[in-house]
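Structure, as structure tokens:
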Amino acid sequence: MTATKTFAEVLHKGFRVSFDADRILYEQKTEHQHLVLFENACFGRVLMLDDITQVTTADEFVYHEMLSHVPILAHGNARQVLIIGGGDCGLAEEALKHETVERLTQVEIDRAVVDFAAEHFAEMNAAVFEDARFDLVIADGVEFVAASDRRFDVILVDSTDPVGPGSVLFTKEFYAGCRRVLRPGGVLVTQNGVPFMQADELVDSVGHFAGLFADAGCYLATVPTYVGGQMALGWATDDTGLRNVSEAVLNERFAAANLDTSYYTPAVHRAAFALPRYIDELVEKGRRRAA
Ligand code: AG3
């Protein structure tokens with residue numbers, strides 16, 4: 001009998017999740033990271049980078065919808081959107097569903113991931129490569145936000161976790177760069193880990209946000225493959241009303257945008273800002289740190 005090959009996610013101390021790979025579709029050591037793609041009975045196609053789950057065809061909708069529609073619909077007039085990271089282009093696809101977006105610039109460091117995803121994740125990103133509004137820049141996100149002349153209404157940071165190459169996307173310098181390229185009234189949203197497992201990551205990011213923006217916090221989404229509880233999506237803006245757009249207004253914007261979603265609804269959007277007490281305390285701890 002041949003043993004099923006398994007891939008374990010090694011991210012959290014003392015806890016690992018392993019996937020059975022029914023078929024290994026691809027394995028490559030790129031210039032920046034180790035990439036593996038396999039098929040799993042529960043999650044469909046699974047992409048791991050450096051032994052950490054990045055995206056699966058079965059649950060990508062949760063993360064991509066919540067990372068894009070919440071800030072774009074809260075803002076209400078997002079014309080220039082910036083994505084940092086997001087090499088699989090699933091987030092770009094979701095953001096480009098908003099016809100009000102005039103240009104979507106994506107700054108990704110690893111071209112190999114984009115090429116790979118175009119080939120293997122067409123069902124979640126094919127539309128992107130045919131969209132004239134999509135502007136792909138292969139560059140370092142930290143350098144881009146430090147130097148660009150462009151300005152954006154919404155910035156979405158679709159990073160890996162703060163281990164290895166992704167860790168620079170959790171620094172105060174990077175967030176200050178994001179602030180530099182945000183238009184007044186703009187909003188920055190970040191992948192901020194699973195607070196139950198990665199508490200420090202949330203405290204640190206919120207601490208940095210609070211030193212730079214009038215509103216610093218997070219909202220939540222439950223992503224099955226990012227195990228250990230809800231995932232925090234960092235929220236930083238000078239417009240303190242943005243986190244509290246009424247359901248009536250969101251309903252109007254959502255209807256006008258004509259989105260076909262599987263997780264996002266205006267009611268979920270509002271509820272996502274309600275934090276369980278242990279997460280609220282982490283946010284408060286971050287805010288106090290900046291005070
Ligand atoms: N970026 C978020 C990865 C978070 C991984 N963390 C984890 N497995 N707990 C995913 C890229 C999707 N476009």
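Within each chain, counting starts at residue 1; across the structure tokens, chains are named A, B, ... in the order shown, with ligands numbered 1 upward in that order.
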Identify, counting only C-alpha atoms and all ligand atoms, the protein, DNA and RNA residues located within 6 Å of ligand 1, and give them as a PyMOL selection string.
-> chain A and resi 52-55+86+88+90-91+158-161+226
Members of region 127-161 of chain A assigned alpha helix (DSSP H) by DSSP, as a PDB file with N, CA, C and O atoms, in the first residue's frame:
ATOM      1  N   GLY A 141       7.006  45.897  -2.262  1.00  0.00           N
ATOM      2  CA  GLY A 141       5.910  46.747  -1.793  1.00  0.00           C
ATOM      3  C   GLY A 141       6.381  47.873  -0.884  1.00  0.00           C
ATOM      4  O   GLY A 141       5.844  48.992  -0.924  1.00  0.00           O
ATOM      5  N   VAL A 142       7.366  47.595  -0.052  1.00  0.00           N
ATOM      6  CA  VAL A 142       7.876  48.613   0.879  1.00  0.00           C
ATOM      7  C   VAL A 142       8.487  49.772   0.090  1.00  0.00           C
ATOM      8  O   VAL A 142       8.234  50.949   0.373  1.00  0.00           O
ATOM      9  N   GLU A 143       9.270  49.414  -0.932  1.00  0.00           N
ATOM     10  CA  GLU A 143       9.894  50.469  -1.747  1.00  0.00           C
ATOM     11  C   GLU A 143       8.848  51.232  -2.549  1.00  0.00           C
ATOM     12  O   GLU A 143       8.935  52.442  -2.714  1.00  0.00           O
ATOM     13  N   PHE A 144       7.842  50.515  -3.043  1.00  0.00           N
ATOM     14  CA  PHE A 144       6.803  51.166  -3.843  1.00  0.00           C
ATOM     15  C   PHE A 144       6.092  52.258  -3.047  1.00  0.00           C
ATOM     16  O   PHE A 144       5.966  53.395  -3.504  1.00  0.00           O
ATOM     17  N   VAL A 145       5.622  51.913  -1.836  1.00  0.00           N
ATOM     18  CA  VAL A 145       4.857  52.918  -1.078  1.00  0.00           C
ATOM     19  C   VAL A 145       5.753  54.050  -0.546  1.00  0.00           C
ATOM     20  O   VAL A 145       5.272  55.143  -0.257  1.00  0.00           O
ATOM     21  N   ALA A 146       7.058  53.776  -0.465  1.00  0.00           N
ATOM     22  CA  ALA A 146       7.968  54.835  -0.010  1.00  0.00           C
ATOM     23  C   ALA A 146       8.237  55.843  -1.122  1.00  0.00           C
ATOM     24  O   ALA A 146       8.569  57.001  -0.849  1.00  0.00           O
ATOM     25  N   ALA A 147       8.076  55.430  -2.379  1.00  0.00           N
ATOM     26  CA  ALA A 147       8.542  56.286  -3.475  1.00  0.00           C
ATOM     27  C   ALA A 147       7.466  56.709  -4.481  1.00  0.00           C
ATOM     28  O   ALA A 147       7.663  57.674  -5.214  1.00  0.00           O
TER      29      ALA A 147
END
Which residues of region 38-98 of chain A come within 8 Å of region 21-31 of chain A, and for each one, what is the closest pair of atoms and their distance in Å to one decimal, counting only C-alpha atoms, sorted by chain and residue number, as a tab-separated table?
residue	atom	partner	partner_atom	distance
A:Phe38	CA	A:Ile24	CA	4.3
A:Glu39	CA	A:Arg23	CA	5.2
A:Asn40	CA	A:Ala21	CA	5.3
A:Ala41	CA	A:Asp22	CA	7.2
So which bits of region 55-285 of chain A end up strand (DSSP E or B) when you DSSP the backbone, as a PyMOL selection string?
-> chain A and resi 55-56+80-85+103-108+134-138+152-158+182-191+215-221+231-237
For the residues selected in the previous step, produce a file with N, CA and C atoms as a compact mmCIF listing (two decimals), in the first residue's frame.
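The file below, out-v8.txt, is the result:
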# COMPACT_ATOMS: atom_id res chain seq x y z
N VAL A 55 -3.79 29.71 -0.16
CA VAL A 55 -5.09 29.83 -0.80
C VAL A 55 -5.58 28.45 -1.20
N THR A 56 -6.91 28.26 -1.10
CA THR A 56 -7.51 27.02 -1.59
C THR A 56 -8.71 27.42 -2.45
N GLN A 80 -9.12 54.52 -7.20
CA GLN A 80 -7.74 54.03 -7.33
C GLN A 80 -7.48 53.06 -6.19
N VAL A 81 -7.23 51.81 -6.53
CA VAL A 81 -7.02 50.78 -5.51
C VAL A 81 -5.62 50.20 -5.67
N LEU A 82 -4.97 49.97 -4.54
CA LEU A 82 -3.63 49.37 -4.53
C LEU A 82 -3.67 48.05 -3.76
N ILE A 83 -3.13 47.00 -4.35
CA ILE A 83 -2.94 45.74 -3.63
C ILE A 83 -1.44 45.54 -3.47
N ILE A 84 -1.03 45.23 -2.25
CA ILE A 84 0.37 44.85 -2.02
C ILE A 84 0.37 43.35 -1.78
N GLY A 85 1.18 42.63 -2.54
CA GLY A 85 1.21 41.16 -2.43
C GLY A 85 0.13 40.56 -3.30
N ARG A 103 -8.70 52.04 -11.71
CA ARG A 103 -7.41 51.39 -11.90
C ARG A 103 -7.06 50.60 -10.65
N LEU A 104 -6.59 49.40 -10.87
CA LEU A 104 -6.16 48.58 -9.74
C LEU A 104 -4.69 48.23 -9.96
N THR A 105 -3.86 48.77 -9.09
CA THR A 105 -2.43 48.52 -9.19
C THR A 105 -2.07 47.44 -8.18
N GLN A 106 -1.39 46.43 -8.64
CA GLN A 106 -0.96 45.37 -7.73
C GLN A 106 0.56 45.29 -7.74
N VAL A 107 1.14 45.40 -6.55
CA VAL A 107 2.60 45.34 -6.42
C VAL A 107 2.97 44.02 -5.75
N GLU A 108 3.53 43.13 -6.52
CA GLU A 108 3.86 41.78 -6.02
C GLU A 108 5.36 41.56 -6.27
N PHE A 134 -6.28 46.58 -14.82
CA PHE A 134 -5.32 45.87 -13.97
C PHE A 134 -3.89 46.27 -14.35
N ASP A 135 -3.16 46.73 -13.36
CA ASP A 135 -1.82 47.26 -13.59
C ASP A 135 -0.88 46.50 -12.64
N LEU A 136 -0.13 45.56 -13.18
CA LEU A 136 0.73 44.71 -12.35
C LEU A 136 2.14 45.26 -12.32
N VAL A 137 2.65 45.46 -11.12
CA VAL A 137 4.03 45.94 -10.96
C VAL A 137 4.79 44.87 -10.18
N ILE A 138 5.87 44.36 -10.74
CA ILE A 138 6.68 43.39 -9.99
C ILE A 138 7.75 44.19 -9.26
N PHE A 152 -3.94 56.64 -3.60
CA PHE A 152 -4.97 55.60 -3.65
C PHE A 152 -6.08 55.84 -2.63
N ASP A 153 -7.27 55.39 -2.99
CA ASP A 153 -8.41 55.50 -2.07
C ASP A 153 -8.43 54.33 -1.09
N VAL A 154 -8.03 53.17 -1.58
CA VAL A 154 -8.06 51.96 -0.77
C VAL A 154 -6.77 51.18 -1.00
N ILE A 155 -6.15 50.74 0.09
CA ILE A 155 -4.95 49.89 -0.01
C ILE A 155 -5.25 48.56 0.68
N LEU A 156 -5.02 47.48 -0.02
CA LEU A 156 -5.27 46.13 0.51
C LEU A 156 -3.94 45.41 0.59
N VAL A 157 -3.57 44.98 1.79
CA VAL A 157 -2.31 44.26 1.93
C VAL A 157 -2.62 42.76 2.06
N ASP A 158 -2.37 42.05 0.98
CA ASP A 158 -2.61 40.60 0.95
C ASP A 158 -1.25 39.92 1.09
N LEU A 182 -1.91 57.15 0.59
CA LEU A 182 -3.38 57.15 0.72
C LEU A 182 -3.91 58.55 0.47
N ARG A 183 -5.00 58.63 -0.25
CA ARG A 183 -5.68 59.93 -0.38
C ARG A 183 -6.39 60.25 0.93
N PRO A 184 -6.68 61.53 1.18
CA PRO A 184 -7.46 61.87 2.38
C PRO A 184 -8.77 61.06 2.36
N GLY A 185 -9.11 60.50 3.49
CA GLY A 185 -10.35 59.70 3.55
C GLY A 185 -10.16 58.27 3.08
N GLY A 186 -8.93 57.92 2.74
CA GLY A 186 -8.67 56.56 2.27
C GLY A 186 -8.54 55.57 3.41
N VAL A 187 -8.52 54.30 3.07
CA VAL A 187 -8.44 53.26 4.10
C VAL A 187 -7.43 52.18 3.72
N LEU A 188 -6.73 51.72 4.74
CA LEU A 188 -5.75 50.64 4.60
C LEU A 188 -6.29 49.41 5.31
N VAL A 189 -6.27 48.27 4.62
CA VAL A 189 -6.71 47.01 5.21
C VAL A 189 -5.59 45.98 5.04
N THR A 190 -5.36 45.19 6.09
CA THR A 190 -4.24 44.25 6.04
C THR A 190 -4.63 42.85 6.49
N GLN A 191 -3.97 41.86 5.96
CA GLN A 191 -4.06 40.49 6.47
C GLN A 191 -3.32 40.51 7.79
N ASP A 215 -8.02 56.22 13.23
CA ASP A 215 -8.73 55.00 13.61
C ASP A 215 -7.84 53.80 13.33
N ALA A 216 -7.63 52.99 14.35
CA ALA A 216 -6.76 51.82 14.25
C ALA A 216 -7.48 50.64 14.86
N GLY A 217 -7.67 49.57 14.12
CA GLY A 217 -8.37 48.42 14.69
C GLY A 217 -8.35 47.25 13.73
N CYS A 218 -9.39 46.44 13.82
CA CYS A 218 -9.50 45.31 12.90
C CYS A 218 -10.95 44.87 12.80
N TYR A 219 -11.23 44.09 11.77
CA TYR A 219 -12.51 43.40 11.68
C TYR A 219 -12.20 41.94 11.38
N LEU A 220 -13.23 41.09 11.37
CA LEU A 220 -12.97 39.65 11.41
C LEU A 220 -13.63 38.89 10.27
N ALA A 221 -13.01 37.77 9.93
CA ALA A 221 -13.61 36.83 8.98
C ALA A 221 -13.19 35.43 9.39
N MET A 231 -10.00 35.22 11.68
CA MET A 231 -8.83 35.96 11.21
C MET A 231 -9.11 37.45 11.36
N ALA A 232 -8.06 38.18 11.76
CA ALA A 232 -8.18 39.63 11.87
C ALA A 232 -7.73 40.29 10.58
N LEU A 233 -8.50 41.27 10.14
CA LEU A 233 -8.10 42.09 9.00
C LEU A 233 -7.90 43.50 9.56
N GLY A 234 -6.67 43.96 9.48
CA GLY A 234 -6.33 45.26 10.08
C GLY A 234 -7.04 46.40 9.37
N TRP A 235 -7.37 47.44 10.12
CA TRP A 235 -8.18 48.57 9.62
C TRP A 235 -7.53 49.86 10.06
N ALA A 236 -7.09 50.68 9.14
CA ALA A 236 -6.43 51.93 9.51
C ALA A 236 -6.87 53.04 8.56
N THR A 237 -7.38 54.13 9.15
CA THR A 237 -7.87 55.24 8.35
C THR A 237 -7.97 56.49 9.23
Identify, on the basis of only C-alpha atoms, every residue whose closest approach to Asn244 (chain A) does not exceed 12 Å; exclude the query and any residue fewer than 6 positions from it along the same chain; express the result as an MDAnalysis selection string.
-> chainID A and resid 70:71 73:75 215 219 250 266:267 269:274
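The shortest atom-to-atom distance to Ile109 (chain A), with only C-alpha atoms taken into account, belongs to A:Leu169 out of A:Val227, A:Leu169, A:Cys178, A:Leu37.
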Residues near Ala291 (chain A), cut-off 9 Å, only C-alpha atoms, skip fewer than 6 positions along chain, as JSON, numbers by chain | {"A": [207, 210, 211]}
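Nearest-residue note for Arg79 (chain A): choosing from A:Thr100, A:Lys5, A:Ser148, A:Ala92, the minimum distance belongs to A:Thr100, counting only C-alpha atoms.
The environment of region 197-202 of chain A within 8 Å, counting only C-alpha atoms and disregarding residues fewer than 2 places along the same chain, consists of His12, Pro162, Asn192, Gly193, Val194, Pro195, Asp204, Ser205, Val206, Gly228, Ala232, Gly234, Leu282, Val283 and Gly286 of chain A.
CA of Val46 (chain A) to CA of Asp131 (chain A) spans 25.4 Å [interatomic distance, one decimal].
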Extract, using only C-alpha atoms, all DNA, RNA and protein residues at most 10 Å from Phe116 (chain A), discarding same-chain residues fewer than 2 positions from it, and format them as a PyMOL selection string.
-> chain A and resi 26+35+37+87-88+111-114+118-122
Export C-alpha atoms of the chosen residues as a tab-separated table (two decimals), in the first residue's frame?
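Result file out14.tsv:
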chain	number	residue	atom	x	y	z
A	26	TYR	CA	3.31	21.25	-8.83
A	35	LEU	CA	5.79	26.67	-3.62
A	37	LEU	CA	0.23	22.91	-5.18
A	87	GLY	CA	0.30	37.09	-6.11
A	88	ASP	CA	-2.46	34.57	-6.74
A	111	ARG	CA	6.49	37.11	-10.61
A	112	ALA	CA	6.67	33.33	-10.44
A	113	VAL	CA	3.61	33.25	-8.17
A	114	VAL	CA	1.56	35.37	-10.59
A	118	ALA	CA	-2.59	32.44	-13.94
A	119	GLU	CA	-2.03	28.89	-15.05
A	120	HIS	CA	-3.43	26.98	-12.07
A	121	PHE	CA	-6.10	29.24	-10.53
A	122	ALA	CA	-7.82	30.54	-13.65
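Between CA of Leu259 (chain A) and CA of Asp115 (chain A) the interatomic distance comes to 26.7 Å.
You will find CA of Arg151 (chain A) at 20.8 Å from CA of His208 (chain A).
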Find the spatial neighbours of Met124 (chain A), counting only C-alpha atoms, within a cut-off of 8 Å - ignore same-chain residues fewer than 6 positions away - and output them as a PyMOL selection string.
-> chain A and resi 57+89-90+93
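Minimum atom-to-atom distances from A:Val101, A:Phe196, A:Ala127, A:Thr225 to His69 (chain A) were compared using only C-alpha atoms, and the lowest value belongs to A:Val101.
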